[in-house]
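Data from target_2.txt: compact mmCIF, C-alpha atoms
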# COMPACT_ATOMS: atom_id res chain seq x y z
CA MET A 1 0.00 0.00 0.00
CA ALA A 2 1.24 3.53 -0.73
CA ASP A 3 2.94 5.43 2.06
CA LEU A 4 1.11 8.18 3.90
CA ASP A 5 1.05 11.42 1.94
CA ASN A 6 1.46 13.94 4.69
CA ALA A 7 0.99 16.83 2.30
CA LEU A 8 -2.73 15.96 2.21
CA PRO A 9 -5.22 17.33 4.75
CA TRP A 10 -4.73 15.12 7.80
CA LEU A 11 -8.10 13.35 7.73
CA GLU A 12 -7.84 12.66 4.01
CA ALA A 13 -4.27 11.36 4.28
CA LEU A 14 -5.59 8.38 6.26
CA LYS A 15 -6.77 5.27 4.48
CA TRP A 16 -10.35 4.61 5.52
CA ASP A 17 -11.68 1.15 4.75
CA ALA A 18 -14.72 0.42 2.57
CA ASP A 19 -16.97 1.08 5.59
CA GLY A 20 -15.24 4.38 6.36
CA MET A 21 -13.43 2.91 9.36
CA ILE A 22 -9.85 2.85 10.60
CA PRO A 23 -8.59 0.60 13.42
CA ALA A 24 -7.29 2.36 16.52
CA ILE A 25 -4.95 0.97 19.19
CA ALA A 26 -4.97 2.63 22.61
CA GLN A 27 -1.76 2.47 24.65
CA ASP A 28 -1.50 3.79 28.18
CA GLN A 29 1.40 5.76 29.54
CA GLU A 30 3.10 2.68 30.98
CA GLY A 31 3.18 1.23 27.46
CA ARG A 32 0.34 -1.23 28.06
CA ILE A 33 -2.02 -1.83 25.13
CA VAL A 34 -5.39 -1.35 26.75
CA MET A 35 -7.85 -1.51 23.88
CA PHE A 36 -8.47 -1.88 20.18
CA ALA A 37 -11.50 -0.39 18.46
CA PHE A 38 -12.58 1.43 15.32
CA MET A 39 -13.02 5.06 14.42
CA ASN A 40 -14.76 6.79 11.56
CA ARG A 41 -13.99 10.34 10.44
CA GLU A 42 -16.56 11.82 12.79
CA SER A 43 -15.27 9.98 15.86
CA LEU A 44 -11.65 10.85 15.10
CA GLN A 45 -12.52 14.50 14.56
CA GLU A 46 -14.48 14.48 17.82
CA THR A 47 -11.53 12.83 19.62
CA VAL A 48 -9.31 15.67 18.45
CA ASN A 49 -11.89 18.31 19.37
CA CYS A 50 -12.72 17.07 22.87
CA GLY A 51 -9.42 15.46 23.90
CA ASN A 52 -11.00 12.18 25.03
CA ALA A 53 -11.11 9.04 22.89
CA VAL A 54 -14.33 8.69 20.90
CA TYR A 55 -14.74 5.48 18.91
CA TRP A 56 -17.38 4.28 16.52
CA SER A 57 -19.39 1.39 17.90
CA ARG A 58 -19.99 -0.93 14.97
CA SER A 59 -22.56 -2.96 16.93
CA ARG A 60 -24.55 0.04 18.19
CA ARG A 61 -23.88 2.09 15.04
CA ARG A 62 -23.19 5.28 16.93
CA LEU A 63 -20.40 7.36 18.41
CA TRP A 64 -18.98 5.67 21.47
CA ARG A 65 -17.49 8.08 23.97
CA LYS A 66 -15.22 5.67 25.82
CA GLY A 67 -16.09 5.97 29.51
CA GLU A 68 -19.58 7.38 28.92
CA GLU A 69 -21.09 4.66 31.12
CA SER A 70 -18.15 3.55 33.24
CA GLY A 71 -16.51 6.92 33.83
CA PHE A 72 -13.27 5.38 32.59
CA PHE A 73 -12.44 7.98 29.96
CA GLN A 74 -9.28 8.00 27.91
CA LYS A 75 -7.47 11.33 27.80
CA VAL A 76 -5.61 11.45 24.52
CA LYS A 77 -2.00 12.61 24.76
CA SER A 78 -0.96 12.02 21.16
CA ILE A 79 -2.17 10.37 17.98
CA ARG A 80 0.08 8.56 15.57
CA THR A 81 -0.49 6.69 12.35
CA ASP A 82 1.66 4.10 10.64
CA CYS A 83 3.76 4.24 7.48
CA ASP A 84 0.82 3.73 5.14
CA GLY A 85 -1.76 5.58 7.23
CA ASP A 86 -4.26 2.78 7.76
CA VAL A 87 -4.04 2.33 11.54
CA LEU A 88 -4.07 4.78 14.45
CA LEU A 89 -2.12 4.57 17.69
CA LEU A 90 -3.47 6.66 20.55
CA SER A 91 -1.35 7.40 23.57
CA VAL A 92 -3.85 7.78 26.41
CA GLU A 93 -4.15 8.40 30.09
CA GLN A 94 -6.60 5.71 31.14
CA VAL A 95 -8.80 7.30 33.80
CA GLY A 96 -9.48 4.88 36.65
CA GLY A 97 -6.83 2.47 35.37
CA ILE A 98 -9.48 0.19 33.86
CA ALA A 99 -10.11 -0.03 30.12
CA CYS A 100 -11.88 -3.38 29.83
CA HIS A 101 -15.58 -4.07 30.39
CA THR A 102 -14.48 -7.09 32.45
CA GLY A 103 -12.97 -4.74 35.04
CA ARG A 104 -9.35 -5.31 34.01
CA GLU A 105 -6.66 -2.76 33.18
CA SER A 106 -6.49 -3.96 29.59
CA CYS A 107 -8.67 -5.93 27.21
CA PHE A 108 -5.62 -8.03 26.29
CA PHE A 109 -5.67 -10.36 29.28
CA ASN A 110 -5.90 -13.75 27.52
CA GLU A 111 -2.52 -15.35 26.93
CA LEU A 112 -1.88 -18.41 24.81
CA SER A 113 -0.47 -21.18 26.97
CA GLY A 114 0.07 -24.40 25.03
CA ASP A 115 -3.24 -24.90 23.27
CA ARG A 116 -5.39 -22.80 25.60
CA TRP A 117 -6.13 -19.15 26.22
CA ILE A 118 -5.65 -18.33 29.90
CA ALA A 119 -6.90 -15.15 31.59
CA VAL A 120 -3.68 -13.98 33.22
CA ASP A 121 -4.57 -10.50 34.53
CA PRO A 122 -6.71 -9.79 37.59
CA VAL A 123 -10.15 -8.24 37.66
CA LEU A 124 -9.67 -4.96 39.53
CA LYS A 125 -13.34 -4.07 39.87
CA ASP A 126 -16.51 -6.12 39.54
CA PRO A 127 -18.28 -5.10 36.30
CA LYS A 128 -21.54 -4.98 38.27
CA GLU A 129 -20.01 -2.11 40.21
CA ILE A 130 -18.86 -0.39 37.01
CA TYR A 131 -22.08 -0.64 34.96
CA LYS A 132 -24.92 -0.02 37.36
CA MET B 1 -19.58 -9.13 20.79
CA ALA B 2 -19.48 -12.25 22.96
CA ASP B 3 -16.50 -12.73 25.22
CA LEU B 4 -13.80 -15.24 24.30
CA ASP B 5 -14.82 -18.79 25.13
CA ASN B 6 -11.55 -20.22 26.31
CA ALA B 7 -13.03 -23.69 26.62
CA LEU B 8 -12.95 -23.91 22.80
CA PRO B 9 -9.88 -25.11 20.87
CA TRP B 10 -7.61 -22.08 20.80
CA LEU B 11 -7.78 -21.36 17.06
CA GLU B 12 -11.57 -21.70 17.01
CA ALA B 13 -12.04 -19.49 20.06
CA LEU B 14 -10.79 -16.54 18.02
CA LYS B 15 -13.20 -14.48 15.95
CA TRP B 16 -11.98 -14.52 12.36
CA ASP B 17 -13.50 -11.92 10.07
CA ALA B 18 -15.47 -12.68 6.90
CA ASP B 19 -12.17 -13.03 5.00
CA GLY B 20 -10.72 -15.38 7.62
CA MET B 21 -8.43 -12.68 9.03
CA ILE B 22 -7.64 -11.32 12.46
CA PRO B 23 -5.66 -8.12 13.11
CA ALA B 24 -2.36 -8.50 14.95
CA ILE B 25 -0.43 -5.85 16.86
CA ALA B 26 3.30 -6.41 17.41
CA GLN B 27 4.87 -4.83 20.49
CA ASP B 28 8.57 -4.97 21.23
CA GLN B 29 10.07 -5.62 24.60
CA GLU B 30 10.45 -1.92 25.40
CA GLY B 31 6.69 -1.57 24.96
CA ARG B 32 6.92 0.11 21.56
CA ILE B 33 4.21 -0.80 19.05
CA VAL B 34 6.26 -1.67 16.00
CA MET B 35 3.72 -3.01 13.51
CA PHE B 36 0.13 -3.86 12.71
CA ALA B 37 -0.79 -6.55 10.18
CA PHE B 38 -3.19 -9.40 9.58
CA MET B 39 -3.04 -13.12 10.17
CA ASN B 40 -5.15 -15.97 8.91
CA ARG B 41 -5.36 -19.36 10.63
CA GLU B 42 -2.44 -20.75 8.65
CA SER B 43 -0.12 -17.84 9.45
CA LEU B 44 -1.00 -17.89 13.15
CA GLN B 45 -0.47 -21.65 13.35
CA GLU B 46 2.87 -21.21 11.56
CA THR B 47 3.83 -18.40 13.95
CA VAL B 48 3.23 -20.75 16.87
CA ASN B 49 5.08 -23.61 15.17
CA CYS B 50 8.20 -21.70 14.12
CA GLY B 51 8.41 -19.05 16.85
CA ASN B 52 8.78 -16.12 14.44
CA ALA B 53 5.92 -13.87 13.38
CA VAL B 54 4.27 -14.96 10.14
CA TYR B 55 1.55 -12.69 8.78
CA TRP B 56 -0.79 -12.96 5.83
CA SER B 57 -0.02 -10.45 3.11
CA ARG B 58 -3.37 -9.29 1.78
CA SER B 59 -1.74 -7.54 -1.20
CA ARG B 60 0.48 -10.47 -2.20
CA ARG B 61 -2.07 -13.08 -1.08
CA ARG B 62 0.51 -15.31 0.54
CA LEU B 63 2.17 -16.06 3.86
CA TRP B 64 4.51 -13.26 4.82
CA ARG B 65 7.36 -14.37 7.01
CA LYS B 66 8.26 -11.01 8.55
CA GLY B 67 11.98 -10.47 7.91
CA GLU B 68 12.16 -12.86 4.94
CA GLU B 69 13.70 -10.11 2.78
CA SER B 70 15.13 -7.72 5.34
CA GLY B 71 16.41 -10.23 7.89
CA PHE B 72 14.47 -8.29 10.52
CA PHE B 73 12.56 -11.23 11.98
CA GLN B 74 10.26 -11.00 14.97
CA LYS B 75 10.85 -13.62 17.65
CA VAL B 76 7.53 -14.16 19.37
CA LYS B 77 7.69 -14.20 23.17
CA SER B 78 3.97 -14.41 23.91
CA ILE B 79 0.62 -14.11 22.17
CA ARG B 80 -2.42 -12.52 23.74
CA THR B 81 -5.94 -11.87 22.58
CA ASP B 82 -8.50 -9.41 23.85
CA CYS B 83 -11.72 -9.87 25.81
CA ASP B 84 -13.77 -10.85 22.79
CA GLY B 85 -11.01 -12.65 20.90
CA ASP B 86 -10.97 -10.60 17.73
CA VAL B 87 -7.48 -9.04 17.92
CA LEU B 88 -4.04 -10.48 18.66
CA LEU B 89 -1.21 -8.83 20.56
CA LEU B 90 2.23 -10.31 19.94
CA SER B 91 5.09 -9.56 22.27
CA VAL B 92 8.17 -9.76 20.06
CA GLU B 93 11.91 -9.37 20.07
CA GLN B 94 12.46 -7.24 16.96
CA VAL B 95 15.66 -8.54 15.38
CA GLY B 96 17.81 -5.66 14.11
CA GLY B 97 15.66 -3.12 15.93
CA ILE B 98 13.90 -2.15 12.70
CA ALA B 99 10.33 -3.17 11.93
CA CYS B 100 9.34 -0.65 9.27
CA HIS B 101 10.09 -0.83 5.55
CA THR B 102 11.15 2.83 5.79
CA GLY B 103 14.10 1.79 7.98
CA ARG B 104 12.58 2.99 11.25
CA GLU B 105 12.15 1.11 14.55
CA SER B 106 8.38 1.24 14.27
CA CYS B 107 5.80 1.80 11.56
CA PHE B 108 4.05 4.30 13.86
CA PHE B 109 6.31 7.27 13.22
CA ASN B 110 3.74 9.82 11.98
CA GLU B 111 2.40 12.03 14.75
CA LEU B 112 -0.53 14.41 14.43
CA SER B 113 0.65 17.96 15.05
CA GLY B 114 -2.10 20.52 14.62
CA ASP B 115 -3.57 19.59 11.26
CA ARG B 116 -0.54 17.77 9.84
CA TRP B 117 1.10 14.37 10.19
CA ILE B 118 4.78 14.80 10.97
CA ALA B 119 7.38 12.01 10.73
CA VAL B 120 8.91 12.26 14.20
CA ASP B 121 11.18 9.19 14.37
CA PRO B 122 14.54 8.86 12.62
CA VAL B 123 15.37 6.51 9.76
CA LEU B 124 17.99 4.16 11.18
CA LYS B 125 18.94 2.46 7.96
CA ASP B 126 18.42 3.41 4.31
CA PRO B 127 15.77 1.08 2.84
CA LYS B 128 18.04 0.65 -0.20
CA GLU B 129 20.50 -1.05 2.14
CA ILE B 130 17.76 -3.22 3.63
CA TYR B 131 16.07 -4.43 0.45
CA LYS B 132 18.86 -5.07 -2.05

Could you write out this file's structure as structure tokens?
Amino acid sequence: MADLDNALPWLEALKWDADGMIPAIAQDQEGRIVMFAFMNRESLQETVNCGNAVYWSRSRRRLWRKGEESGFFQKVKSIRTDCDGDVLLLSVEQVGGIACHTGRESCFFNELSGDRWIAVDPVLKDPKEIYK
Amino acid sequence: MADLDNALPWLEALKWDADGMIPAIAQDQEGRIVMFAFMNRESLQETVNCGNAVYWSRSRRRLWRKGEESGFFQKVKSIRTDCDGDVLLLSVEQVGGIACHTGRESCFFNELSGDRWIAVDPVLKDPKEIYK
């Protein structure tokens, strides 16, 4: 795929997929990957405008202000894209230290061990206490 | 989306997209996100078997043994998946310290600055010297 043309307007330089989406990786300030989700142009523009991560919920088909229910917002410190401009990397401050709906720091808590996925990270807060 | 069912055989527990793909994030041992690519079942199985990252090249429509041309292999230390099992996170030792075809440590070298993407990381090796 062609490299990012950073002479283009920044939103147009990105390569949006056929559905108008781009994948976004969220990394906290300790370097932990906490989440992976999708953005469309509107959610990325809103992320830039408001300073908190706003994704596009493909299941609910609407803007998803991360933390809108849980209070666990993501304050965006910087936004990067890769060499060909088809993925975003957000550096975030994860408010509350919990990104996952299971009550864990990160969504990436399942590790392959032999031929099984094992949940290796602790639940920090009962989801029933997060989503009341 | 339903949470990962880790009682299933590990390959079947993952949620492959309509094209049989799953996105994969590669993170080096300093926590740097170096790459984002796709895997199919065959490439993931081969990654596990050989210990080096093997992706699926969607443009070339074949297995892509990362480093096959450049020598910059990725030794896989662990593989994680997220809460719903639709993304992989590989912890890798990036041989040569260069993951990007532009000769940089990471593909994520473009940072949003105002309304422009700026290449903020240095080229460590001329690509002409990498791909001879």

Onto chain B, please fit chain A by least squares using all C-alpha atoms in order, then return the transformed chain as a PDB file with C-alpha atoms, keeping the file's coordinate frame.
ATOM      1  CA  MET A   1     -19.601  -9.106  20.801  1.00  0.00           C
ATOM      2  CA  ALA A   2     -19.495 -12.236  22.975  1.00  0.00           C
ATOM      3  CA  ASP A   3     -16.498 -12.738  25.223  1.00  0.00           C
ATOM      4  CA  LEU A   4     -13.809 -15.233  24.305  1.00  0.00           C
ATOM      5  CA  ASP A   5     -14.820 -18.791  25.117  1.00  0.00           C
ATOM      6  CA  ASN A   6     -11.559 -20.219  26.304  1.00  0.00           C
ATOM      7  CA  ALA A   7     -13.031 -23.687  26.612  1.00  0.00           C
ATOM      8  CA  LEU A   8     -12.952 -23.900  22.798  1.00  0.00           C
ATOM      9  CA  PRO A   9      -9.888 -25.100  20.873  1.00  0.00           C
ATOM     10  CA  TRP A  10      -7.605 -22.065  20.796  1.00  0.00           C
ATOM     11  CA  LEU A  11      -7.783 -21.351  17.061  1.00  0.00           C
ATOM     12  CA  GLU A  12     -11.559 -21.707  17.010  1.00  0.00           C
ATOM     13  CA  ALA A  13     -12.026 -19.484  20.068  1.00  0.00           C
ATOM     14  CA  LEU A  14     -10.780 -16.526  18.008  1.00  0.00           C
ATOM     15  CA  LYS A  15     -13.186 -14.483  15.941  1.00  0.00           C
ATOM     16  CA  TRP A  16     -11.983 -14.531  12.352  1.00  0.00           C
ATOM     17  CA  ASP A  17     -13.498 -11.918  10.070  1.00  0.00           C
ATOM     18  CA  ALA A  18     -15.457 -12.675   6.889  1.00  0.00           C
ATOM     19  CA  ASP A  19     -12.148 -13.020   5.004  1.00  0.00           C
ATOM     20  CA  GLY A  20     -10.718 -15.380   7.624  1.00  0.00           C
ATOM     21  CA  MET A  21      -8.427 -12.690   9.022  1.00  0.00           C
ATOM     22  CA  ILE A  22      -7.637 -11.329  12.469  1.00  0.00           C
ATOM     23  CA  PRO A  23      -5.667  -8.119  13.112  1.00  0.00           C
ATOM     24  CA  ALA A  24      -2.368  -8.510  14.945  1.00  0.00           C
ATOM     25  CA  ILE A  25      -0.429  -5.847  16.864  1.00  0.00           C
ATOM     26  CA  ALA A  26       3.291  -6.406  17.413  1.00  0.00           C
ATOM     27  CA  GLN A  27       4.861  -4.824  20.499  1.00  0.00           C
ATOM     28  CA  ASP A  28       8.566  -4.965  21.222  1.00  0.00           C
ATOM     29  CA  GLN A  29      10.083  -5.620  24.600  1.00  0.00           C
ATOM     30  CA  GLU A  30      10.463  -1.921  25.390  1.00  0.00           C
ATOM     31  CA  GLY A  31       6.697  -1.568  24.956  1.00  0.00           C
ATOM     32  CA  ARG A  32       6.921   0.114  21.550  1.00  0.00           C
ATOM     33  CA  ILE A  33       4.206  -0.797  19.037  1.00  0.00           C
ATOM     34  CA  VAL A  34       6.245  -1.673  15.990  1.00  0.00           C
ATOM     35  CA  MET A  35       3.715  -2.998  13.508  1.00  0.00           C
ATOM     36  CA  PHE A  36       0.138  -3.876  12.707  1.00  0.00           C
ATOM     37  CA  ALA A  37      -0.791  -6.544  10.181  1.00  0.00           C
ATOM     38  CA  PHE A  38      -3.200  -9.402   9.579  1.00  0.00           C
ATOM     39  CA  MET A  39      -3.051 -13.119  10.167  1.00  0.00           C
ATOM     40  CA  ASN A  40      -5.146 -15.990   8.915  1.00  0.00           C
ATOM     41  CA  ARG A  41      -5.358 -19.373  10.634  1.00  0.00           C
ATOM     42  CA  GLU A  42      -2.439 -20.750   8.659  1.00  0.00           C
ATOM     43  CA  SER A  43      -0.124 -17.838   9.455  1.00  0.00           C
ATOM     44  CA  LEU A  44      -1.007 -17.893  13.150  1.00  0.00           C
ATOM     45  CA  GLN A  45      -0.462 -21.639  13.342  1.00  0.00           C
ATOM     46  CA  GLU A  46       2.865 -21.213  11.549  1.00  0.00           C
ATOM     47  CA  THR A  47       3.837 -18.396  13.954  1.00  0.00           C
ATOM     48  CA  VAL A  48       3.233 -20.755  16.859  1.00  0.00           C
ATOM     49  CA  ASN A  49       5.092 -23.610  15.165  1.00  0.00           C
ATOM     50  CA  CYS A  50       8.204 -21.691  14.113  1.00  0.00           C
ATOM     51  CA  GLY A  51       8.411 -19.037  16.844  1.00  0.00           C
ATOM     52  CA  ASN A  52       8.791 -16.115  14.426  1.00  0.00           C
ATOM     53  CA  ALA A  53       5.918 -13.862  13.366  1.00  0.00           C
ATOM     54  CA  VAL A  54       4.262 -14.963  10.126  1.00  0.00           C
ATOM     55  CA  TYR A  55       1.546 -12.683   8.763  1.00  0.00           C
ATOM     56  CA  TRP A  56      -0.781 -12.961   5.826  1.00  0.00           C
ATOM     57  CA  SER A  57      -0.013 -10.441   3.114  1.00  0.00           C
ATOM     58  CA  ARG A  58      -3.372  -9.299   1.797  1.00  0.00           C
ATOM     59  CA  SER A  59      -1.760  -7.555  -1.190  1.00  0.00           C
ATOM     60  CA  ARG A  60       0.457 -10.487  -2.207  1.00  0.00           C
ATOM     61  CA  ARG A  61      -2.088 -13.095  -1.067  1.00  0.00           C
ATOM     62  CA  ARG A  62       0.497 -15.310   0.556  1.00  0.00           C
ATOM     63  CA  LEU A  63       2.170 -16.062   3.863  1.00  0.00           C
ATOM     64  CA  TRP A  64       4.501 -13.256   4.826  1.00  0.00           C
ATOM     65  CA  ARG A  65       7.378 -14.367   7.010  1.00  0.00           C
ATOM     66  CA  LYS A  66       8.268 -11.017   8.548  1.00  0.00           C
ATOM     67  CA  GLY A  67      11.976 -10.473   7.902  1.00  0.00           C
ATOM     68  CA  GLU A  68      12.158 -12.867   4.944  1.00  0.00           C
ATOM     69  CA  GLU A  69      13.704 -10.137   2.782  1.00  0.00           C
ATOM     70  CA  SER A  70      15.127  -7.729   5.341  1.00  0.00           C
ATOM     71  CA  GLY A  71      16.413 -10.228   7.890  1.00  0.00           C
ATOM     72  CA  PHE A  72      14.470  -8.302  10.520  1.00  0.00           C
ATOM     73  CA  PHE A  73      12.552 -11.225  11.985  1.00  0.00           C
ATOM     74  CA  GLN A  74      10.256 -10.987  14.961  1.00  0.00           C
ATOM     75  CA  LYS A  75      10.843 -13.604  17.642  1.00  0.00           C
ATOM     76  CA  VAL A  76       7.533 -14.155  19.368  1.00  0.00           C
ATOM     77  CA  LYS A  77       7.686 -14.195  23.164  1.00  0.00           C
ATOM     78  CA  SER A  78       3.969 -14.401  23.893  1.00  0.00           C
ATOM     79  CA  ILE A  79       0.613 -14.109  22.175  1.00  0.00           C
ATOM     80  CA  ARG A  80      -2.417 -12.531  23.748  1.00  0.00           C
ATOM     81  CA  THR A  81      -5.938 -11.878  22.580  1.00  0.00           C
ATOM     82  CA  ASP A  82      -8.494  -9.408  23.854  1.00  0.00           C
ATOM     83  CA  CYS A  83     -11.709  -9.880  25.819  1.00  0.00           C
ATOM     84  CA  ASP A  84     -13.772 -10.859  22.792  1.00  0.00           C
ATOM     85  CA  GLY A  85     -11.003 -12.653  20.905  1.00  0.00           C
ATOM     86  CA  ASP A  86     -10.973 -10.588  17.726  1.00  0.00           C
ATOM     87  CA  VAL A  87      -7.494  -9.038  17.913  1.00  0.00           C
ATOM     88  CA  LEU A  88      -4.052 -10.473  18.663  1.00  0.00           C
ATOM     89  CA  LEU A  89      -1.211  -8.837  20.561  1.00  0.00           C
ATOM     90  CA  LEU A  90       2.229 -10.306  19.943  1.00  0.00           C
ATOM     91  CA  SER A  91       5.093  -9.563  22.268  1.00  0.00           C
ATOM     92  CA  VAL A  92       8.181  -9.768  20.059  1.00  0.00           C
ATOM     93  CA  GLU A  93      11.904  -9.370  20.050  1.00  0.00           C
ATOM     94  CA  GLN A  94      12.457  -7.245  16.965  1.00  0.00           C
ATOM     95  CA  VAL A  95      15.662  -8.536  15.384  1.00  0.00           C
ATOM     96  CA  GLY A  96      17.823  -5.676  14.121  1.00  0.00           C
ATOM     97  CA  GLY A  97      15.673  -3.117  15.937  1.00  0.00           C
ATOM     98  CA  ILE A  98      13.903  -2.152  12.707  1.00  0.00           C
ATOM     99  CA  ALA A  99      10.329  -3.183  11.937  1.00  0.00           C
ATOM    100  CA  CYS A 100       9.349  -0.651   9.278  1.00  0.00           C
ATOM    101  CA  HIS A 101      10.097  -0.840   5.552  1.00  0.00           C
ATOM    102  CA  THR A 102      11.151   2.820   5.801  1.00  0.00           C
ATOM    103  CA  GLY A 103      14.096   1.796   7.989  1.00  0.00           C
ATOM    104  CA  ARG A 104      12.572   2.990  11.267  1.00  0.00           C
ATOM    105  CA  GLU A 105      12.167   1.120  14.548  1.00  0.00           C
ATOM    106  CA  SER A 106       8.390   1.247  14.270  1.00  0.00           C
ATOM    107  CA  CYS A 107       5.819   1.804  11.554  1.00  0.00           C
ATOM    108  CA  PHE A 108       4.054   4.286  13.852  1.00  0.00           C
ATOM    109  CA  PHE A 109       6.305   7.271  13.222  1.00  0.00           C
ATOM    110  CA  ASN A 110       3.743   9.830  11.986  1.00  0.00           C
ATOM    111  CA  GLU A 111       2.392  12.034  14.752  1.00  0.00           C
ATOM    112  CA  LEU A 112      -0.521  14.418  14.434  1.00  0.00           C
ATOM    113  CA  SER A 113       0.662  17.960  15.055  1.00  0.00           C
ATOM    114  CA  GLY A 114      -2.110  20.516  14.600  1.00  0.00           C
ATOM    115  CA  ASP A 115      -3.576  19.594  11.238  1.00  0.00           C
ATOM    116  CA  ARG A 116      -0.556  17.753   9.841  1.00  0.00           C
ATOM    117  CA  TRP A 117       1.087  14.371  10.190  1.00  0.00           C
ATOM    118  CA  ILE A 118       4.780  14.793  10.985  1.00  0.00           C
ATOM    119  CA  ALA A 119       7.377  12.013  10.741  1.00  0.00           C
ATOM    120  CA  VAL A 120       8.906  12.257  14.205  1.00  0.00           C
ATOM    121  CA  ASP A 121      11.181   9.189  14.381  1.00  0.00           C
ATOM    122  CA  PRO A 122      14.530   8.838  12.617  1.00  0.00           C
ATOM    123  CA  VAL A 123      15.376   6.516   9.765  1.00  0.00           C
ATOM    124  CA  LEU A 124      17.988   4.156  11.212  1.00  0.00           C
ATOM    125  CA  LYS A 125      18.941   2.457   7.959  1.00  0.00           C
ATOM    126  CA  ASP A 126      18.419   3.408   4.328  1.00  0.00           C
ATOM    127  CA  PRO A 127      15.774   1.075   2.834  1.00  0.00           C
ATOM    128  CA  LYS A 128      18.041   0.659  -0.201  1.00  0.00           C
ATOM    129  CA  GLU A 129      20.500  -1.025   2.137  1.00  0.00           C
ATOM    130  CA  ILE A 130      17.768  -3.215   3.641  1.00  0.00           C
ATOM    131  CA  TYR A 131      16.081  -4.425   0.428  1.00  0.00           C
ATOM    132  CA  LYS A 132      18.848  -5.067  -2.050  1.00  0.00           C
TER     133      LYS A 132
END

Using only C-alpha atoms: which of A:Leu14, A:Ala37, A:Cys83, A:Ile130 has the shortest distance to chain B: A:Cys83

All residues 8 Å or closer to B:Pro23, all atoms listed in the file, same chain fewer than 4 positions away omitted, as a ChimeraX atom specification: /B:36-39,86-88

Neighbours of chain A in chain B at 7 Å, counting all atoms listed in the file, as a ChimeraX atom specification: /B:6,9-10,31,79-83,107-112,115-117

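The space separating atom CA of A:Gly97 from atom CA of A:Lys128 comes to 16.7 Å.
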
Atom pair atom CA of A:Arg62 / atom CA of A:Asn49: separation (Å): 17.4 Å

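Here atom CA of B:Trp16 is placed at a distance of 14.6 Å from atom CA of B:Arg58.
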
Selection: 12 Å around B:Trp56, all atoms listed in the file, excl. self and same-chain fewer than 2 positions, as a list in words: Asp19, Gly20, Met21, Ile22, Pro23, Ala24, Phe36, Ala37, Phe38, Met39, Asn40, Arg41, Glu42, Ser43, Leu44, Gln45, Glu46, Thr47, Ala53, Val54, Arg58, Ser59, Arg60, Arg61, Arg62, Leu63, Trp64, Arg65 and Lys66 of chain B

Print the selection's residues with C-alpha atoms to a file, as a PDB file, in the coordinates of the input.
ATOM      1  CA  ASP B  19     -12.170 -13.030   5.000  1.00  0.00           C
ATOM      2  CA  GLY B  20     -10.720 -15.380   7.620  1.00  0.00           C
ATOM      3  CA  MET B  21      -8.430 -12.680   9.030  1.00  0.00           C
ATOM      4  CA  ILE B  22      -7.640 -11.320  12.460  1.00  0.00           C
ATOM      5  CA  PRO B  23      -5.660  -8.120  13.110  1.00  0.00           C
ATOM      6  CA  ALA B  24      -2.360  -8.500  14.950  1.00  0.00           C
ATOM      7  CA  PHE B  36       0.130  -3.860  12.710  1.00  0.00           C
ATOM      8  CA  ALA B  37      -0.790  -6.550  10.180  1.00  0.00           C
ATOM      9  CA  PHE B  38      -3.190  -9.400   9.580  1.00  0.00           C
ATOM     10  CA  MET B  39      -3.040 -13.120  10.170  1.00  0.00           C
ATOM     11  CA  ASN B  40      -5.150 -15.970   8.910  1.00  0.00           C
ATOM     12  CA  ARG B  41      -5.360 -19.360  10.630  1.00  0.00           C
ATOM     13  CA  GLU B  42      -2.440 -20.750   8.650  1.00  0.00           C
ATOM     14  CA  SER B  43      -0.120 -17.840   9.450  1.00  0.00           C
ATOM     15  CA  LEU B  44      -1.000 -17.890  13.150  1.00  0.00           C
ATOM     16  CA  GLN B  45      -0.470 -21.650  13.350  1.00  0.00           C
ATOM     17  CA  GLU B  46       2.870 -21.210  11.560  1.00  0.00           C
ATOM     18  CA  THR B  47       3.830 -18.400  13.950  1.00  0.00           C
ATOM     19  CA  ALA B  53       5.920 -13.870  13.380  1.00  0.00           C
ATOM     20  CA  VAL B  54       4.270 -14.960  10.140  1.00  0.00           C
ATOM     21  CA  ARG B  58      -3.370  -9.290   1.780  1.00  0.00           C
ATOM     22  CA  SER B  59      -1.740  -7.540  -1.200  1.00  0.00           C
ATOM     23  CA  ARG B  60       0.480 -10.470  -2.200  1.00  0.00           C
ATOM     24  CA  ARG B  61      -2.070 -13.080  -1.080  1.00  0.00           C
ATOM     25  CA  ARG B  62       0.510 -15.310   0.540  1.00  0.00           C
ATOM     26  CA  LEU B  63       2.170 -16.060   3.860  1.00  0.00           C
ATOM     27  CA  TRP B  64       4.510 -13.260   4.820  1.00  0.00           C
ATOM     28  CA  ARG B  65       7.360 -14.370   7.010  1.00  0.00           C
ATOM     29  CA  LYS B  66       8.260 -11.010   8.550  1.00  0.00           C
TER      30      LYS B  66
END
